[in-house]
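Student: I am attaching a structure below and will ask some questions about it afterwards.
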Amino acid sequence: MAAFAAAQMPDNLRLFVADPPGPDAYPIVTFSWILLYKSYSQPEKSEAMRELFRWTLTDGQKYASDLGFIPLPPSVTSPALAALNALAAN
């Protein structure tokens with residue numbers, strides 16, 4: 001978690017943390033990436049995707065450690081939630 005603590009998510013959500021600073025930062029870290037469409041033809045599919053990934057970025061974070069992951073810091077989840085909220089149903 002220390003490796004991501006000072007990381008700032010760019011607007012395009014492509015964050016790479018190579019050799020993070022700090023004595024507690026593990027030197028090799030990465031994200032599990034999820035790719036979503038910007039829009040879906042079915043409104044119910046768009047809403048289901050938003051709800052699923054909203055949960056993973058909020059309440060689901062409390063299960064991260066049990067599953068072998070680290071919880072994401074707000075500097076990562078906040079921009080990801082904003083992008084998720086921008087999904088449109090066309």
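By convention here, the chains of the structure tokens are called A, B, ... in the order presented, each chain's residues are numbered starting at 1, and ligands are numbered starting at 1 in the order presented.
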Please provide the set of residues having any atom within 7 Å of Ser46 of chain A, restricted to only C-alpha atoms, with same-chain residues fewer than 3 positions apart removed, written as a list in words.
Tutor: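 Selected residues are Tyr40, Gln42, Pro43, Met49, Arg50, Leu87, Ala88 and Ala89 of chain A.
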Student: Quick one: everything within 9 Å of Ala86 of chain A, counting only C-alpha atoms, minus sequence neighbours fewer than 4 positions away in the same chain. Send it as a ChimeraX atom specification.
Tutor: /A:38-39,81-82
Student: Would you pick out the contacts of segment 76-80 of chain A at 8 Å or less, using only C-alpha atoms, so that residues sharing its chain but fewer than 6 positions from it are not included, and give the list as number ranges by chain?
Tutor: A: 7-9, 11, 13, 57-58
Student: Please identify the strand (DSSP E) residues within chain A (assignment by DSSP from backbone atoms) and present them as an MDAnalysis selection string.
Tutor: chainID A and resid 39:40 88:89
Student: Grab the residues selected above and save them as a short mmCIF file (atom, residue, chain, number, x, y, z; two decimals), in the first residue's frame with N, CA and C atoms.
Tutor:
data_model
loop_
_atom_site.label_atom_id
_atom_site.label_comp_id
_atom_site.auth_asym_id
_atom_site.auth_seq_id
_atom_site.Cartn_x
_atom_site.Cartn_y
_atom_site.Cartn_z
N SER A 39 -19.58 3.43 -23.50
CA SER A 39 -21.05 3.40 -23.57
C SER A 39 -21.51 1.98 -23.90
N TYR A 40 -22.72 1.68 -23.49
CA TYR A 40 -23.34 0.38 -23.74
C TYR A 40 -24.69 0.62 -24.40
N ALA A 88 -21.99 5.84 -20.14
CA ALA A 88 -23.29 6.25 -20.67
C ALA A 88 -24.00 5.04 -21.28
N ALA A 89 -25.29 5.10 -21.28
CA ALA A 89 -26.11 4.08 -21.96
C ALA A 89 -26.67 4.72 -23.23
#
Student: From chain A, collect each residue whose DSSP state is alpha helix (DSSP H) and return the set as a ChimeraX atom specification.
Tutor: /A:2-5,43-57,74-85
Student: Output N, CA and C atoms for every residue in the selection just made, as a PDB file, in the first residue's frame.
Tutor:
ATOM      1  N   ALA A   2       2.040   1.160   0.622  1.00  0.00           N
ATOM      2  CA  ALA A   2       2.941   2.314   0.665  1.00  0.00           C
ATOM      3  C   ALA A   2       3.394   2.719  -0.729  1.00  0.00           C
ATOM      4  N   ALA A   3       3.464   1.769  -1.644  1.00  0.00           N
ATOM      5  CA  ALA A   3       3.892   2.092  -3.012  1.00  0.00           C
ATOM      6  C   ALA A   3       2.885   2.992  -3.720  1.00  0.00           C
ATOM      7  N   PHE A   4       1.613   2.855  -3.414  1.00  0.00           N
ATOM      8  CA  PHE A   4       0.576   3.653  -4.064  1.00  0.00           C
ATOM      9  C   PHE A   4       0.175   4.891  -3.265  1.00  0.00           C
ATOM     10  N   ALA A   5       0.632   5.006  -2.043  1.00  0.00           N
ATOM     11  CA  ALA A   5       0.181   6.082  -1.158  1.00  0.00           C
ATOM     12  C   ALA A   5       0.393   7.476  -1.735  1.00  0.00           C
ATOM     13  N   PRO A  43     -29.232   0.169 -21.481  1.00  0.00           N
ATOM     14  CA  PRO A  43     -29.111   0.913 -20.219  1.00  0.00           C
ATOM     15  C   PRO A  43     -28.936   0.009 -19.004  1.00  0.00           C
ATOM     16  N   GLU A  44     -29.590  -1.147 -18.992  1.00  0.00           N
ATOM     17  CA  GLU A  44     -29.471  -2.042 -17.834  1.00  0.00           C
ATOM     18  C   GLU A  44     -28.064  -2.627 -17.731  1.00  0.00           C
ATOM     19  N   LYS A  45     -27.409  -2.867 -18.852  1.00  0.00           N
ATOM     20  CA  LYS A  45     -26.036  -3.368 -18.829  1.00  0.00           C
ATOM     21  C   LYS A  45     -25.094  -2.288 -18.307  1.00  0.00           C
ATOM     22  N   SER A  46     -25.301  -1.070 -18.749  1.00  0.00           N
ATOM     23  CA  SER A  46     -24.486   0.053 -18.286  1.00  0.00           C
ATOM     24  C   SER A  46     -24.625   0.223 -16.775  1.00  0.00           C
ATOM     25  N   GLU A  47     -25.848   0.150 -16.288  1.00  0.00           N
ATOM     26  CA  GLU A  47     -26.085   0.308 -14.851  1.00  0.00           C
ATOM     27  C   GLU A  47     -25.489  -0.856 -14.064  1.00  0.00           C
ATOM     28  N   ALA A  48     -25.606  -2.071 -14.581  1.00  0.00           N
ATOM     29  CA  ALA A  48     -25.039  -3.235 -13.902  1.00  0.00           C
ATOM     30  C   ALA A  48     -23.514  -3.115 -13.807  1.00  0.00           C
ATOM     31  N   MET A  49     -22.879  -2.647 -14.876  1.00  0.00           N
ATOM     32  CA  MET A  49     -21.423  -2.466 -14.856  1.00  0.00           C
ATOM     33  C   MET A  49     -21.034  -1.401 -13.835  1.00  0.00           C
ATOM     34  N   ARG A  50     -21.763  -0.294 -13.839  1.00  0.00           N
ATOM     35  CA  ARG A  50     -21.471   0.769 -12.863  1.00  0.00           C
ATOM     36  C   ARG A  50     -21.614   0.259 -11.441  1.00  0.00           C
ATOM     37  N   GLU A  51     -22.682  -0.446 -11.156  1.00  0.00           N
ATOM     38  CA  GLU A  51     -22.922  -0.931  -9.797  1.00  0.00           C
ATOM     39  C   GLU A  51     -21.865  -1.944  -9.364  1.00  0.00           C
ATOM     40  N   LEU A  52     -21.511  -2.867 -10.242  1.00  0.00           N
ATOM     41  CA  LEU A  52     -20.503  -3.860  -9.905  1.00  0.00           C
ATOM     42  C   LEU A  52     -19.169  -3.193  -9.569  1.00  0.00           C
ATOM     43  N   PHE A  53     -18.699  -2.321 -10.438  1.00  0.00           N
ATOM     44  CA  PHE A  53     -17.387  -1.733 -10.217  1.00  0.00           C
ATOM     45  C   PHE A  53     -17.411  -0.609  -9.186  1.00  0.00           C
ATOM     46  N   ARG A  54     -18.558   0.005  -8.964  1.00  0.00           N
ATOM     47  CA  ARG A  54     -18.677   0.949  -7.849  1.00  0.00           C
ATOM     48  C   ARG A  54     -18.482   0.196  -6.538  1.00  0.00           C
ATOM     49  N   TRP A  55     -19.096  -0.982  -6.448  1.00  0.00           N
ATOM     50  CA  TRP A  55     -18.936  -1.799  -5.243  1.00  0.00           C
ATOM     51  C   TRP A  55     -17.476  -2.187  -5.053  1.00  0.00           C
ATOM     52  N   THR A  56     -16.794  -2.622  -6.138  1.00  0.00           N
ATOM     53  CA  THR A  56     -15.399  -3.047  -5.992  1.00  0.00           C
ATOM     54  C   THR A  56     -14.504  -1.897  -5.547  1.00  0.00           C
ATOM     55  N   LEU A  57     -14.844  -0.670  -5.937  1.00  0.00           N
ATOM     56  CA  LEU A  57     -14.033   0.497  -5.576  1.00  0.00           C
ATOM     57  C   LEU A  57     -14.419   1.094  -4.222  1.00  0.00           C
ATOM     58  N   PRO A  74      -7.525   6.374  -1.690  1.00  0.00           N
ATOM     59  CA  PRO A  74      -8.469   7.305  -2.313  1.00  0.00           C
ATOM     60  C   PRO A  74      -7.916   8.020  -3.546  1.00  0.00           C
ATOM     61  N   SER A  75      -6.605   8.204  -3.613  1.00  0.00           N
ATOM     62  CA  SER A  75      -6.021   8.855  -4.792  1.00  0.00           C
ATOM     63  C   SER A  75      -6.195   8.009  -6.049  1.00  0.00           C
ATOM     64  N   VAL A  76      -6.505   6.739  -5.877  1.00  0.00           N
ATOM     65  CA  VAL A  76      -6.778   5.842  -7.002  1.00  0.00           C
ATOM     66  C   VAL A  76      -8.282   5.630  -7.169  1.00  0.00           C
ATOM     67  N   THR A  77      -8.999   5.381  -6.076  1.00  0.00           N
ATOM     68  CA  THR A  77     -10.427   5.070  -6.192  1.00  0.00           C
ATOM     69  C   THR A  77     -11.266   6.272  -6.607  1.00  0.00           C
ATOM     70  N   SER A  78     -10.931   7.456  -6.160  1.00  0.00           N
ATOM     71  CA  SER A  78     -11.744   8.635  -6.499  1.00  0.00           C
ATOM     72  C   SER A  78     -11.785   8.911  -8.004  1.00  0.00           C
ATOM     73  N   PRO A  79     -10.638   8.982  -8.693  1.00  0.00           N
ATOM     74  CA  PRO A  79     -10.704   9.188 -10.145  1.00  0.00           C
ATOM     75  C   PRO A  79     -11.342   8.007 -10.878  1.00  0.00           C
ATOM     76  N   ALA A  80     -11.129   6.799 -10.375  1.00  0.00           N
ATOM     77  CA  ALA A  80     -11.743   5.637 -11.017  1.00  0.00           C
ATOM     78  C   ALA A  80     -13.264   5.696 -10.883  1.00  0.00           C
ATOM     79  N   LEU A  81     -13.757   6.112  -9.725  1.00  0.00           N
ATOM     80  CA  LEU A  81     -15.206   6.263  -9.543  1.00  0.00           C
ATOM     81  C   LEU A  81     -15.770   7.349 -10.444  1.00  0.00           C
ATOM     82  N   ALA A  82     -15.044   8.434 -10.612  1.00  0.00           N
ATOM     83  CA  ALA A  82     -15.501   9.513 -11.503  1.00  0.00           C
ATOM     84  C   ALA A  82     -15.611   9.004 -12.938  1.00  0.00           C
ATOM     85  N   ALA A  83     -14.633   8.232 -13.388  1.00  0.00           N
ATOM     86  CA  ALA A  83     -14.678   7.664 -14.738  1.00  0.00           C
ATOM     87  C   ALA A  83     -15.831   6.679 -14.855  1.00  0.00           C
ATOM     88  N   LEU A  84     -16.050   5.898 -13.842  1.00  0.00           N
ATOM     89  CA  LEU A  84     -17.134   4.936 -13.838  1.00  0.00           C
ATOM     90  C   LEU A  84     -18.488   5.636 -13.926  1.00  0.00           C
ATOM     91  N   ASN A  85     -18.638   6.722 -13.218  1.00  0.00           N
ATOM     92  CA  ASN A  85     -19.895   7.471 -13.255  1.00  0.00           C
ATOM     93  C   ASN A  85     -20.153   8.107 -14.606  1.00  0.00           C
TER      94      ASN A  85
END
